[in-house]
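Take a look at the structure set out below.
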Amino acid sequence: MLLQQLINGLTLGGVYAIIAIGYTMVYGILELINFAHGEIYMLGAYLGIIFLSFFTVIGLTAVSLPLAFILTIILTVIFCSAYGFTIEKVAYRPLRNAPRLSPLISAIGVSIFLQNYVMLTQGATDKVFPHRFGESGIQFMDVNITYLQVIIISVSGLLMFSLHLFIQKTRIGKAMRATAQDKTMAALVGINVDSIISVTFLIGAGLAAVAGVMVASYYGLVNYFIGYIAGIKAFTAAVLGGIGNIPGAMLGGIILGLMESIGAAYISSEYKDAYAFVMLIIILLIKPTGILGKATEEKV
Amino acid sequence: MIPKIKKTDTRSSFFIALLSALLFLPFKGIKPAGIMFISIFILLSAISLLKKTKVIDVIKAIRIPKIERFRTFSVPAMLILFMTFPLILKDYYIDVLIMSGIYILLALGLNIIVGFTGLLNLGFAAFYAIGAYTYAIFNTKVGLGFWASLPISASFAAIAGLLLAIPALRLRGDYLAIVTLGFGEIVRLILNNWDSLTNGPNGITGIARPLFAGFSLAQLKYYYYLVFIIVIFSIVIIRRIELSRIGRAWIAIKENEIAASSMGINTTKYKLYAFTFGTFWAGIAGILFSAKMQFVSPESFTFMESILILSMIILGGIGNTYGAIIGAFILVILPEVLREVQLYRMLILGIGLVFLMIFRPQGILGGAKGVYFRG
């Protein structure tokens with residue numbers, strides 16, 4: 001029972017972690033809570049359904065389901081990255097030098113827009129993922145780990161690992177770290193801050209898209225408002241690990257997922273969404289910098 | 001002289017329009033995406049032209065004369081106008097006006113917290129819900145009347161505000177916003193799941209309309225006057241406090257907290273005042289709402305409700321009491337006017353917020369300086 005919950009929690013946690021990375025990267029560079037990020041995840045889930053249905057219609061799923069699934073994920077990532085890029089260009093870039101509240105309100109505006117856009121075009125009812133991947137999986141004592149869970153855990157692990165390599169080893173990664181530390185200074189040493197911010201949005205949105213497709217296939221149902229709750233949970237994960245800190249976001253996501261599934265199993269499943277918020281409030285009150293975050297000096 | 005659009009501007013407008021159209025393709029098909037492309041391209045070109053002609057700067061700098069200047073004429077005229085409305089208007093319009101009154105109270109309350117003191121609160125609907133549910137529960141389970149419940153509802157909301165503020169005020173800026181948001185969600189989840197008390201998602205029905213001297217205010221007309229009187233009363237009180245020592249302290253905290261505390265203002269104390277006093281009005285709005293609807297359910301108190309109230313004070317001009325009133329009026333009445341496009345109203349609100357931030361971040365009445373909107 002406990003082991004089963006741990007596996008379920010790890011699955012959820014992996015998903016939260018890769019959404020949280022998008023939040024933490026944007027916050028690290030722009031100090032903006034990107035409320036539209038949860039919506040990107042929701043769009044990812046919808047686009048996943050749309051593309052997979054399209055492949056079913058043209059008969060690709062009958063030929064090779066894994067190929068269709070991989071193509072779906074690739075297309076969804078491309079589209080969602082483009083969404084992230086466009087949102088940044090349209091709604092955040094004009095407000096780059098504006099006071100703090102302006103981009104936050106603008107982000108909320110984008111989030112409301114996307115939610116209602118999807119509701120209008122796709123309907124307000126639940127949408128069903130075209131393929132159920134079934135309950136079959138690895139039996140281990142009395143624990144059942146489905147193949148889908150294995151895939152989700154390993155994909156999110158892989159994504160996190162490659163992102164870590166990307167940030168630590170590549171030139172763009174270094175430029176991103178520099179920009180996060182000090183935008184003006186980074187611009188002075190010849191980093192194109194605008195394009196680095198665009199890359200940040202591209203990567204964050206792409207990761208959220210993968211999370212969206214994986215969750216849609218895991219639960220089998222999506223709705224136009226899933227982005228809001230998932231966004232808040234991912235943000236909690238980012239805060240939990242220390243906002244602006246990418247390994248922290250990964251750790252925070254996994255802790256949050258574990259806590260949620262264990263809480264739902266042993267305390268009450270009705271309040272499973274509330275655990276994240278309670279956790280968020282407690283963390284912010286005890287250690288606002290998060291687990292791996294460093295205290296920054298207050299600028300006067 | 002009309003300046004020409006630069007080639008780079010055209011290119012970037014074209015690029016963004018193409019991208020947006022492509023993004024809409026999987027949802028809508030080719031034809032709407034084409035329309036989308038053309039309209040976005042025209043829109044962006046218009047914006048870049050506006051930037052060239054400095055129209056945006058002019059829009060940003062427009063100063064609406066202060067209401068105080070017209071006080072002697074406009075205030076009595078408005079009062080008389082609003083007094084006569086129920087006599088001449090149909091029930092439907094009175095209903096809309098009552099809702100605007102309730103939202104004015106909410107906007108005024110939130111304006112104290114966000115506008116005066118600069119503490120961003122994204123969970124204001126929670127206090128509204130606490131006020132509404134307090135009356136609903138006391139009325140249906142205990143049988144308490146409206147007038148007895150009014151102070152209870154208001155003080156429950158205020159106490160909840162205080163209880164949230166005590167720990168949360170150690171945080172600032174975005175973190176405070178997120179904690180209040182989380183608090184709002186927790187309240188909504190409790191309302192949704194505590195079936196024995198709140199009747200869960202089905203809500204509570206059969207809430208009584210208020211009585212006044214043994215006379216039921218069930219008719220909308222009479223209820224309108226009740227809301228009207230409470231709104232006027234609260235505007236007067238809030239204006240008095242805004243202009244008092246406390247109000248000055250709030251504004252000082254918003255402008256610069258460190259400077260304020262070095263001038264001897266106990267910032268924590270005044271922030272607690274702001275939270276308690278602001279949520280107090282949400283409690284009153286809540287009881288008015290549940291008495292009007294005679295039904296409450298968690299559906300009415302979502303995050304979107306909090307955002308709607310926030311949009312009202314931002315639209316009107318943050319930190320400006322009259323701005324909050326105007327914002328509430330516009331955002332309640334506008335969706336009613338746009339009945340035909342009701343489906344699209346949230347869509348429009350979303351785009352509207354983005355454009356408002358780009359074109360006129362200080363709102364209609366503008367001019368409010370402070371942490372958030374210092375230019």
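Letters for chains follow the order of the structure tokens (A, B, ...), residue numbers begin at 1 for each chain, and ligand numbers begin at 1 in the order shown.
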
Within 8 Å of Gly22 of chain A, counting only C-alpha atoms, which residues qualify if same-chain residues fewer than 2 places away don't, as a ChimeraX atom specification? /A:18-20,24-26,37,200-201,203-205,207-208

Can you write just those residues out, N, CA, C and O atoms, as an mmCIF file, in the first residue's frame?
data_model
loop_
_atom_site.group_PDB
_atom_site.id
_atom_site.type_symbol
_atom_site.label_atom_id
_atom_site.label_comp_id
_atom_site.auth_asym_id
_atom_site.auth_seq_id
_atom_site.Cartn_x
_atom_site.Cartn_y
_atom_site.Cartn_z
ATOM 1 N N ILE A 18 8.584 18.826 -13.683
ATOM 2 C CA ILE A 18 8.933 19.430 -14.971
ATOM 3 C C ILE A 18 8.070 20.639 -15.289
ATOM 4 O O ILE A 18 8.489 21.506 -16.047
ATOM 5 N N ILE A 19 6.877 20.747 -14.683
ATOM 6 C CA ILE A 19 6.155 22.023 -14.868
ATOM 7 C C ILE A 19 6.841 23.105 -14.026
ATOM 8 O O ILE A 19 6.982 24.249 -14.458
ATOM 9 N N ALA A 20 7.245 22.703 -12.814
ATOM 10 C CA ALA A 20 7.832 23.685 -11.895
ATOM 11 C C ALA A 20 9.094 24.312 -12.472
ATOM 12 O O ALA A 20 9.382 25.482 -12.213
ATOM 13 N N THR A 24 10.199 28.241 -12.360
ATOM 14 C CA THR A 24 11.387 28.677 -11.642
ATOM 15 C C THR A 24 12.360 29.378 -12.590
ATOM 16 O O THR A 24 12.999 30.362 -12.232
ATOM 17 N N MET A 25 12.426 28.904 -13.846
ATOM 18 C CA MET A 25 13.327 29.547 -14.793
ATOM 19 C C MET A 25 12.871 30.958 -15.110
ATOM 20 O O MET A 25 13.664 31.898 -15.128
ATOM 21 N N VAL A 26 11.551 31.117 -15.341
ATOM 22 C CA VAL A 26 11.044 32.446 -15.649
ATOM 23 C C VAL A 26 11.189 33.360 -14.445
ATOM 24 O O VAL A 26 11.609 34.514 -14.562
ATOM 25 N N HIS A 37 1.712 29.867 -17.379
ATOM 26 C CA HIS A 37 2.451 28.621 -17.558
ATOM 27 C C HIS A 37 1.560 27.394 -17.370
ATOM 28 O O HIS A 37 1.658 26.422 -18.111
ATOM 29 N N THR A 200 14.366 30.791 -22.624
ATOM 30 C CA THR A 200 13.804 30.322 -21.352
ATOM 31 C C THR A 200 12.339 29.952 -21.512
ATOM 32 O O THR A 200 11.895 28.897 -21.039
ATOM 33 N N PHE A 201 11.596 30.830 -22.184
ATOM 34 C CA PHE A 201 10.177 30.551 -22.384
ATOM 35 C C PHE A 201 9.980 29.323 -23.271
ATOM 36 O O PHE A 201 9.087 28.516 -23.024
ATOM 37 N N ILE A 203 11.955 26.701 -23.603
ATOM 38 C CA ILE A 203 12.249 25.468 -22.868
ATOM 39 C C ILE A 203 11.157 25.176 -21.843
ATOM 40 O O ILE A 203 10.648 24.058 -21.754
ATOM 41 N N GLY A 204 10.782 26.216 -21.074
ATOM 42 C CA GLY A 204 9.774 26.016 -20.042
ATOM 43 C C GLY A 204 8.470 25.510 -20.628
ATOM 44 O O GLY A 204 7.867 24.555 -20.130
ATOM 45 N N ALA A 205 8.036 26.136 -21.730
ATOM 46 C CA ALA A 205 6.768 25.751 -22.339
ATOM 47 C C ALA A 205 6.864 24.346 -22.926
ATOM 48 O O ALA A 205 5.924 23.555 -22.833
ATOM 49 N N LEU A 207 8.695 21.866 -21.835
ATOM 50 C CA LEU A 207 8.603 20.900 -20.733
ATOM 51 C C LEU A 207 7.158 20.777 -20.247
ATOM 52 O O LEU A 207 6.665 19.664 -19.999
ATOM 53 N N ALA A 208 6.470 21.914 -20.126
ATOM 54 C CA ALA A 208 5.075 21.875 -19.672
ATOM 55 C C ALA A 208 4.224 21.078 -20.653
ATOM 56 O O ALA A 208 3.299 20.360 -20.254
#

I need the contact residues of chain B against chain A, so if you could list those with any atom within 8 Å, counting only C-alpha atoms, and return them as JSON, numbers by chain, that would help. {"B": [16, 19, 20, 23, 26, 27, 28, 167, 168, 170, 171, 174, 175, 179, 182, 183, 185, 186, 189, 190, 193, 343, 344, 346, 347, 348, 349, 350, 351, 352, 353, 354, 355, 357, 358, 361, 371, 372, 373, 374, 375]}

Restricted to N, CA and C atoms, what would the selected residues look like written as a short mmCIF file (atom, residue, chain, number, x, y, z; two decimals), in the first residue's frame?
data_model
loop_
_atom_site.label_atom_id
_atom_site.label_comp_id
_atom_site.auth_asym_id
_atom_site.auth_seq_id
_atom_site.Cartn_x
_atom_site.Cartn_y
_atom_site.Cartn_z
N ILE B 16 4.64 37.75 -35.72
CA ILE B 16 3.80 37.38 -34.57
C ILE B 16 2.41 36.95 -35.04
N LEU B 19 2.59 33.52 -36.45
CA LEU B 19 2.77 32.55 -35.37
C LEU B 19 1.45 32.30 -34.66
N SER B 20 0.74 33.39 -34.31
CA SER B 20 -0.53 33.23 -33.60
C SER B 20 -1.52 32.44 -34.44
N LEU B 23 -0.76 28.89 -34.36
CA LEU B 23 -1.08 28.29 -33.07
C LEU B 23 -2.56 28.01 -32.95
N PRO B 26 -4.63 24.20 -34.97
CA PRO B 26 -5.15 22.91 -34.53
C PRO B 26 -6.50 23.01 -33.82
N PHE B 27 -6.82 24.19 -33.29
CA PHE B 27 -8.08 24.30 -32.58
C PHE B 27 -9.23 24.65 -33.51
N LYS B 28 -8.95 25.44 -34.53
CA LYS B 28 -10.05 26.04 -35.27
C LYS B 28 -10.08 25.74 -36.76
N PRO B 167 0.30 35.79 10.10
CA PRO B 167 1.50 35.12 9.57
C PRO B 167 1.95 35.66 8.22
N ALA B 168 0.98 36.02 7.36
CA ALA B 168 1.35 36.31 5.97
C ALA B 168 2.09 37.62 5.81
N ARG B 170 4.61 38.66 7.13
CA ARG B 170 6.07 38.56 7.15
C ARG B 170 6.59 38.46 5.72
N LEU B 171 5.70 38.15 4.80
CA LEU B 171 6.11 38.02 3.41
C LEU B 171 5.82 39.32 2.68
N ASP B 174 5.23 39.27 -4.31
CA ASP B 174 4.65 38.10 -4.98
C ASP B 174 4.33 36.97 -4.02
N TYR B 175 5.16 36.79 -3.00
CA TYR B 175 4.93 35.70 -2.06
C TYR B 175 3.63 35.90 -1.31
N VAL B 179 0.37 33.42 -1.19
CA VAL B 179 -0.22 32.88 0.04
C VAL B 179 -1.71 33.21 0.11
N GLY B 182 -3.47 30.92 -2.16
CA GLY B 182 -3.61 29.59 -1.55
C GLY B 182 -4.70 29.58 -0.50
N PHE B 183 -4.77 30.64 0.28
CA PHE B 183 -5.81 30.74 1.31
C PHE B 183 -7.20 30.71 0.66
N GLU B 185 -8.05 29.34 -2.12
CA GLU B 185 -8.35 27.98 -2.58
C GLU B 185 -8.71 27.07 -1.42
N ILE B 186 -8.00 27.22 -0.28
CA ILE B 186 -8.29 26.37 0.88
C ILE B 186 -9.72 26.62 1.34
N LEU B 189 -12.08 24.96 -1.01
CA LEU B 189 -12.09 23.50 -0.86
C LEU B 189 -12.84 23.07 0.39
N ILE B 190 -12.70 23.87 1.46
CA ILE B 190 -13.43 23.54 2.69
C ILE B 190 -14.94 23.67 2.44
N ASN B 193 -16.17 20.70 0.56
CA ASN B 193 -16.07 19.36 1.11
C ASN B 193 -16.64 19.17 2.51
N LEU B 343 -20.54 34.60 -24.15
CA LEU B 343 -19.52 33.54 -24.14
C LEU B 343 -18.12 34.12 -24.18
N TYR B 344 -18.02 35.27 -24.86
CA TYR B 344 -16.69 35.82 -25.10
C TYR B 344 -16.25 36.80 -24.04
N MET B 346 -15.26 36.59 -20.91
CA MET B 346 -14.03 36.31 -20.18
C MET B 346 -12.82 36.41 -21.11
N LEU B 347 -13.03 36.02 -22.36
CA LEU B 347 -11.97 36.16 -23.36
C LEU B 347 -11.57 37.62 -23.49
N ILE B 348 -12.61 38.46 -23.56
CA ILE B 348 -12.36 39.90 -23.71
C ILE B 348 -11.70 40.45 -22.45
N LEU B 349 -12.15 39.97 -21.30
CA LEU B 349 -11.54 40.43 -20.04
C LEU B 349 -10.05 40.11 -20.04
N GLY B 350 -9.71 38.89 -20.49
CA GLY B 350 -8.31 38.48 -20.53
C GLY B 350 -7.47 39.39 -21.40
N ILE B 351 -7.92 39.60 -22.64
CA ILE B 351 -7.16 40.47 -23.54
C ILE B 351 -7.15 41.89 -22.99
N GLY B 352 -8.31 42.28 -22.44
CA GLY B 352 -8.44 43.64 -21.91
C GLY B 352 -7.40 43.91 -20.84
N LEU B 353 -7.17 42.94 -19.95
CA LEU B 353 -6.18 43.14 -18.90
C LEU B 353 -4.79 43.37 -19.49
N VAL B 354 -4.44 42.56 -20.52
CA VAL B 354 -3.12 42.71 -21.14
C VAL B 354 -2.99 44.10 -21.76
N PHE B 355 -4.03 44.51 -22.52
CA PHE B 355 -3.95 45.82 -23.18
C PHE B 355 -3.96 46.96 -22.18
N MET B 357 -2.69 46.94 -19.27
CA MET B 357 -1.35 47.05 -18.69
C MET B 357 -0.40 47.73 -19.65
N ILE B 358 -0.59 47.47 -20.98
CA ILE B 358 0.34 48.05 -21.95
C ILE B 358 0.01 49.53 -22.18
N PRO B 361 -1.48 51.57 -17.61
CA PRO B 361 -1.35 50.73 -16.42
C PRO B 361 -1.95 51.37 -15.17
N VAL B 371 4.36 51.57 -5.13
CA VAL B 371 5.28 50.48 -5.37
C VAL B 371 5.00 49.83 -6.71
N TYR B 372 3.70 49.64 -6.98
CA TYR B 372 3.37 48.84 -8.14
C TYR B 372 3.38 49.65 -9.41
N PHE B 373 2.87 50.86 -9.34
CA PHE B 373 2.70 51.59 -10.60
C PHE B 373 3.58 52.82 -10.68
N ARG B 374 4.69 52.82 -9.96
CA ARG B 374 5.59 53.95 -10.11
C ARG B 374 6.21 53.89 -11.49
N GLY B 375 6.13 54.97 -12.25
CA GLY B 375 6.50 54.91 -13.65
C GLY B 375 7.97 54.89 -13.94
#

Residue contacts of Ala324 of chain B (9 Å, only C-alpha atoms) excluding same-chain residues fewer than 3 positions away, as an MDAnalysis selection string: chainID B and resid 104 107:108 110:111 312:321 327:329

What's the 6 Å shell around segment 271-286 of chain B, counting only C-alpha atoms, without same-chain residues fewer than 2 positions away, as a PyMOL selection string? chain B and resi 102+105-106+109-110+112-113+127-128+131-132+153-154+157-158+161-162+268-269+288-289

Can I get the selected residues back with all heavy atoms, as a compact mmCIF listing (two decimals), in the first residue's frame?
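The result, written out as result_10.txt:
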# COMPACT_ATOMS: atom_id res chain seq x y z
N ILE B 102 -22.95 45.51 -4.70
CA ILE B 102 -22.20 44.51 -3.95
C ILE B 102 -20.74 44.50 -4.40
O ILE B 102 -19.81 44.45 -3.58
CB ILE B 102 -22.86 43.13 -4.13
CG1 ILE B 102 -24.22 43.12 -3.41
CG2 ILE B 102 -21.97 42.03 -3.58
CD1 ILE B 102 -25.06 41.90 -3.68
N LEU B 105 -18.75 47.38 -2.99
CA LEU B 105 -18.27 47.13 -1.64
C LEU B 105 -17.00 46.27 -1.68
O LEU B 105 -16.02 46.53 -0.98
CB LEU B 105 -19.34 46.40 -0.82
CG LEU B 105 -20.50 47.25 -0.34
CD1 LEU B 105 -21.53 46.40 0.35
CD2 LEU B 105 -20.01 48.33 0.59
N LEU B 106 -17.03 45.23 -2.52
CA LEU B 106 -15.86 44.36 -2.62
C LEU B 106 -14.65 45.13 -3.13
O LEU B 106 -13.54 45.00 -2.59
CB LEU B 106 -16.16 43.19 -3.56
CG LEU B 106 -17.09 42.13 -3.01
CD1 LEU B 106 -17.58 41.23 -4.12
CD2 LEU B 106 -16.39 41.30 -1.96
N GLY B 109 -13.24 47.36 -0.53
CA GLY B 109 -12.50 46.59 0.47
C GLY B 109 -11.14 46.18 -0.04
O GLY B 109 -10.12 46.36 0.64
N LEU B 110 -11.09 45.66 -1.26
CA LEU B 110 -9.82 45.21 -1.81
C LEU B 110 -8.90 46.40 -2.06
O LEU B 110 -7.68 46.31 -1.91
CB LEU B 110 -10.03 44.43 -3.10
CG LEU B 110 -8.79 43.78 -3.69
CD1 LEU B 110 -8.21 42.77 -2.72
CD2 LEU B 110 -9.08 43.10 -5.00
N ILE B 112 -8.56 48.95 -0.27
CA ILE B 112 -7.86 49.32 0.96
C ILE B 112 -6.58 48.50 1.09
O ILE B 112 -5.52 49.02 1.43
CB ILE B 112 -8.78 49.09 2.19
CG1 ILE B 112 -9.93 50.07 2.15
CG2 ILE B 112 -7.99 49.23 3.48
CD1 ILE B 112 -11.02 49.77 3.13
N ILE B 113 -6.69 47.19 0.79
CA ILE B 113 -5.52 46.32 0.97
C ILE B 113 -4.50 46.53 -0.14
O ILE B 113 -3.32 46.74 0.12
CB ILE B 113 -5.98 44.84 1.01
CG1 ILE B 113 -6.97 44.64 2.16
CG2 ILE B 113 -4.79 43.92 1.18
CD1 ILE B 113 -7.62 43.30 2.17
N PHE B 127 -12.93 35.90 1.50
CA PHE B 127 -13.56 36.66 2.58
C PHE B 127 -15.02 36.97 2.25
O PHE B 127 -15.88 36.97 3.12
CB PHE B 127 -12.75 37.94 2.84
CG PHE B 127 -11.31 37.63 3.12
CD1 PHE B 127 -10.35 37.81 2.15
CD2 PHE B 127 -10.93 37.11 4.34
CE1 PHE B 127 -9.03 37.50 2.39
CE2 PHE B 127 -9.62 36.78 4.59
CZ PHE B 127 -8.66 36.98 3.62
N TYR B 128 -15.24 37.22 0.98
CA TYR B 128 -16.60 37.37 0.45
C TYR B 128 -17.39 36.10 0.77
O TYR B 128 -18.51 36.15 1.30
CB TYR B 128 -16.44 37.58 -1.05
CG TYR B 128 -17.66 37.83 -1.89
CD1 TYR B 128 -18.77 38.49 -1.42
CD2 TYR B 128 -17.63 37.43 -3.23
CE1 TYR B 128 -19.85 38.73 -2.26
CE2 TYR B 128 -18.69 37.67 -4.07
CZ TYR B 128 -19.80 38.31 -3.58
OH TYR B 128 -20.85 38.54 -4.42
N GLY B 131 -18.21 35.79 4.51
CA GLY B 131 -19.37 36.61 4.87
C GLY B 131 -20.68 35.98 4.42
O GLY B 131 -21.64 35.89 5.19
N ALA B 132 -20.70 35.51 3.18
CA ALA B 132 -21.93 34.94 2.62
C ALA B 132 -22.32 33.67 3.36
O ALA B 132 -23.49 33.49 3.73
CB ALA B 132 -21.73 34.67 1.14
N SER B 153 -21.31 38.44 10.31
CA SER B 153 -20.68 38.14 9.02
C SER B 153 -19.46 39.02 8.80
O SER B 153 -18.38 38.55 8.43
CB SER B 153 -21.66 38.38 7.89
OG SER B 153 -22.49 37.28 7.71
N ALA B 154 -19.68 40.32 9.01
CA ALA B 154 -18.58 41.26 8.76
C ALA B 154 -17.40 40.97 9.66
O ALA B 154 -16.25 40.97 9.22
CB ALA B 154 -19.08 42.68 8.97
N ALA B 157 -15.50 37.76 8.65
CA ALA B 157 -14.60 38.01 7.51
C ALA B 157 -13.38 38.79 7.97
O ALA B 157 -12.24 38.48 7.58
CB ALA B 157 -15.34 38.75 6.41
N ALA B 158 -13.61 39.79 8.85
CA ALA B 158 -12.49 40.60 9.32
C ALA B 158 -11.53 39.76 10.15
O ALA B 158 -10.31 39.90 10.02
CB ALA B 158 -13.02 41.77 10.15
N GLY B 161 -9.51 37.72 7.94
CA GLY B 161 -8.48 38.57 7.35
C GLY B 161 -7.32 38.77 8.30
O GLY B 161 -6.15 38.66 7.91
N LEU B 162 -7.64 39.00 9.55
CA LEU B 162 -6.61 39.21 10.57
C LEU B 162 -5.78 37.95 10.74
O LEU B 162 -4.55 37.99 10.78
CB LEU B 162 -7.28 39.60 11.89
CG LEU B 162 -6.35 39.96 13.04
CD1 LEU B 162 -5.63 41.25 12.73
CD2 LEU B 162 -7.13 40.12 14.33
N THR B 268 3.73 46.98 10.75
CA THR B 268 2.97 45.75 10.95
C THR B 268 1.56 46.05 11.43
O THR B 268 0.58 45.50 10.92
CB THR B 268 3.67 44.85 11.99
OG1 THR B 268 5.05 44.82 11.68
CG2 THR B 268 3.11 43.47 11.99
N LYS B 269 1.47 46.97 12.39
CA LYS B 269 0.17 47.31 12.94
C LYS B 269 -0.75 47.85 11.85
O LYS B 269 -1.90 47.41 11.70
CB LYS B 269 0.34 48.35 14.05
CG LYS B 269 -0.92 48.63 14.84
CD LYS B 269 -0.65 49.59 15.98
CE LYS B 269 -0.78 51.03 15.52
NZ LYS B 269 -0.55 52.00 16.61
N LEU B 288 -24.79 40.59 1.91
CA LEU B 288 -25.75 41.19 0.97
C LEU B 288 -25.99 40.24 -0.21
O LEU B 288 -27.11 40.09 -0.69
CB LEU B 288 -25.24 42.54 0.46
CG LEU B 288 -25.32 43.67 1.47
CD1 LEU B 288 -24.66 44.91 0.92
CD2 LEU B 288 -26.78 43.97 1.81
N PHE B 289 -24.90 39.61 -0.64
CA PHE B 289 -25.00 38.68 -1.78
C PHE B 289 -25.89 37.49 -1.42
O PHE B 289 -26.80 37.13 -2.16
CB PHE B 289 -23.61 38.21 -2.19
CG PHE B 289 -23.60 37.18 -3.27
CD1 PHE B 289 -23.81 37.54 -4.58
CD2 PHE B 289 -23.37 35.84 -2.97
CE1 PHE B 289 -23.79 36.59 -5.59
CE2 PHE B 289 -23.36 34.89 -3.97
CZ PHE B 289 -23.57 35.26 -5.28

Identify all residues of segment 50-270 of chain B in strand (DSSP E) (DSSP on the backbone) and supply them as JSON, numbers by chain. {"B": [204, 205, 211, 212, 215, 216]}

Excluding Leu12 of chain A and residues on its chain fewer than 5 positions from it, collect all residues at most 9 Å away from it, counting only C-alpha atoms, and give them as a count of residues only. 12

So the first atom is atom CA of Leu120 of chain B and the second is atom CA of Ile237 of chain B; what is the distance between them in Å, to one decimal place?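 Separation between atom CA of Leu120 of chain B and atom CA of Ile237 of chain B: 22.4 Å.
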
Give me every alpha helix (DSSP H) residue in segment 203-250 of chain A, going by DSSP on the backbone, as a VMD selection string. chain A and resid 203 to 219 226 to 241 246 to 250

Write a file of the selected residues as a compact mmCIF listing (two decimals), in the first residue's frame, keeping C-alpha atoms.
# COMPACT_ATOMS: atom_id res chain seq x y z
CA ILE A 203 12.25 25.47 -22.87
CA GLY A 204 9.77 26.02 -20.04
CA ALA A 205 6.77 25.75 -22.34
CA GLY A 206 8.19 22.68 -24.06
CA LEU A 207 8.60 20.90 -20.73
CA ALA A 208 5.07 21.88 -19.67
CA ALA A 209 3.78 20.46 -22.96
CA VAL A 210 5.40 17.09 -22.30
CA ALA A 211 3.87 17.13 -18.82
CA GLY A 212 0.48 17.91 -20.32
CA VAL A 213 0.54 15.01 -22.76
CA MET A 214 1.75 12.61 -20.09
CA VAL A 215 -0.92 13.62 -17.59
CA ALA A 216 -3.64 13.47 -20.24
CA SER A 217 -2.64 9.92 -21.08
CA TYR A 218 -2.33 9.03 -17.39
CA TYR A 219 -5.73 10.24 -16.25
CA ILE A 226 -6.76 21.81 -15.24
CA GLY A 227 -4.01 24.32 -15.92
CA TYR A 228 -4.86 26.53 -12.98
CA ILE A 229 -4.58 23.90 -10.22
CA ALA A 230 -1.57 22.23 -11.83
CA GLY A 231 0.05 25.63 -12.24
CA ILE A 232 -0.43 26.50 -8.58
CA LYS A 233 0.91 23.13 -7.51
CA ALA A 234 3.93 23.45 -9.74
CA PHE A 235 4.51 26.93 -8.41
CA THR A 236 4.32 25.50 -4.90
CA ALA A 237 6.91 22.96 -5.91
CA ALA A 238 9.12 25.73 -7.25
CA VAL A 239 8.77 27.73 -4.02
CA LEU A 240 9.29 24.61 -1.94
CA GLY A 241 12.63 23.90 -3.56
CA ILE A 246 16.28 24.45 -10.99
CA PRO A 247 17.37 21.40 -8.92
CA GLY A 248 15.18 22.85 -6.16
CA ALA A 249 12.15 22.83 -8.45
CA MET A 250 12.80 19.18 -9.29

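Using only C-alpha atoms, the residues found no farther than 10 Å from Arg177 of chain A, other than those of its own chain fewer than 6 positions away, are Met25, Gly28, Ile29, Ile167, Gln168, Arg171, Lys183, Ala186 and Ile196 of chain A.
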
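Comparing B:Thr10, B:Ser311, B:Thr53, B:Gln362 by their smallest distance to Asn121 of chain B, the closest is B:Ser311 (using only C-alpha atoms).
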
I'd like the interatomic distance between atom CA of Gly48 of chain A and atom CA of Phe225 of chain A, to a tenth of an Å.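 Taking atom CA of Gly48 of chain A and atom CA of Phe225 of chain A, their separation equals 16.0 Å.
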
Write out as a list in words each polymer residue whose atoms come within 8 Å of Pro298 of chain B, counting only C-alpha atoms; drop sequence neighbours fewer than 5 positions from it.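 Once the nearby chain positions are removed, what remains is Ala129, Arg188, Leu191, Asn192, Gly200, Pro201 and Gly203 of chain B.
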
Export, as a compact mmCIF listing (two decimals), in the first residue's frame, the selected residues with N, CA, C and O atoms.
# COMPACT_ATOMS: atom_id res chain seq x y z
N ALA B 129 -16.77 34.96 0.51
CA ALA B 129 -17.42 33.67 0.77
C ALA B 129 -17.68 33.49 2.26
O ALA B 129 -18.76 33.01 2.65
N ARG B 188 -12.22 27.69 -0.40
CA ARG B 188 -13.15 27.12 -1.38
C ARG B 188 -13.24 25.60 -1.25
O ARG B 188 -14.32 25.01 -1.32
N LEU B 191 -15.33 24.76 1.79
CA LEU B 191 -16.77 24.95 1.50
C LEU B 191 -17.29 23.80 0.64
O LEU B 191 -18.42 23.36 0.80
N ASN B 192 -16.44 23.34 -0.26
CA ASN B 192 -16.84 22.28 -1.17
C ASN B 192 -16.95 20.92 -0.50
O ASN B 192 -17.73 20.08 -0.91
N GLY B 200 -21.75 21.09 0.91
CA GLY B 200 -20.87 20.77 -0.22
C GLY B 200 -21.14 21.57 -1.47
O GLY B 200 -21.58 22.72 -1.40
N PRO B 201 -20.90 20.96 -2.62
CA PRO B 201 -21.06 21.69 -3.88
C PRO B 201 -22.50 22.10 -4.18
O PRO B 201 -22.72 22.96 -5.02
N GLY B 203 -24.48 23.64 -2.21
CA GLY B 203 -24.74 24.95 -1.64
C GLY B 203 -25.91 24.96 -0.68
O GLY B 203 -26.55 23.93 -0.44

Which residue of B:Met83, B:Ile47, B:Ile330, B:Val114 approaches Leu310 of chain B most closely, using only C-alpha atoms: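 Counting only C-alpha atoms, the residue closest to Leu310 of chain B is B:Val114.
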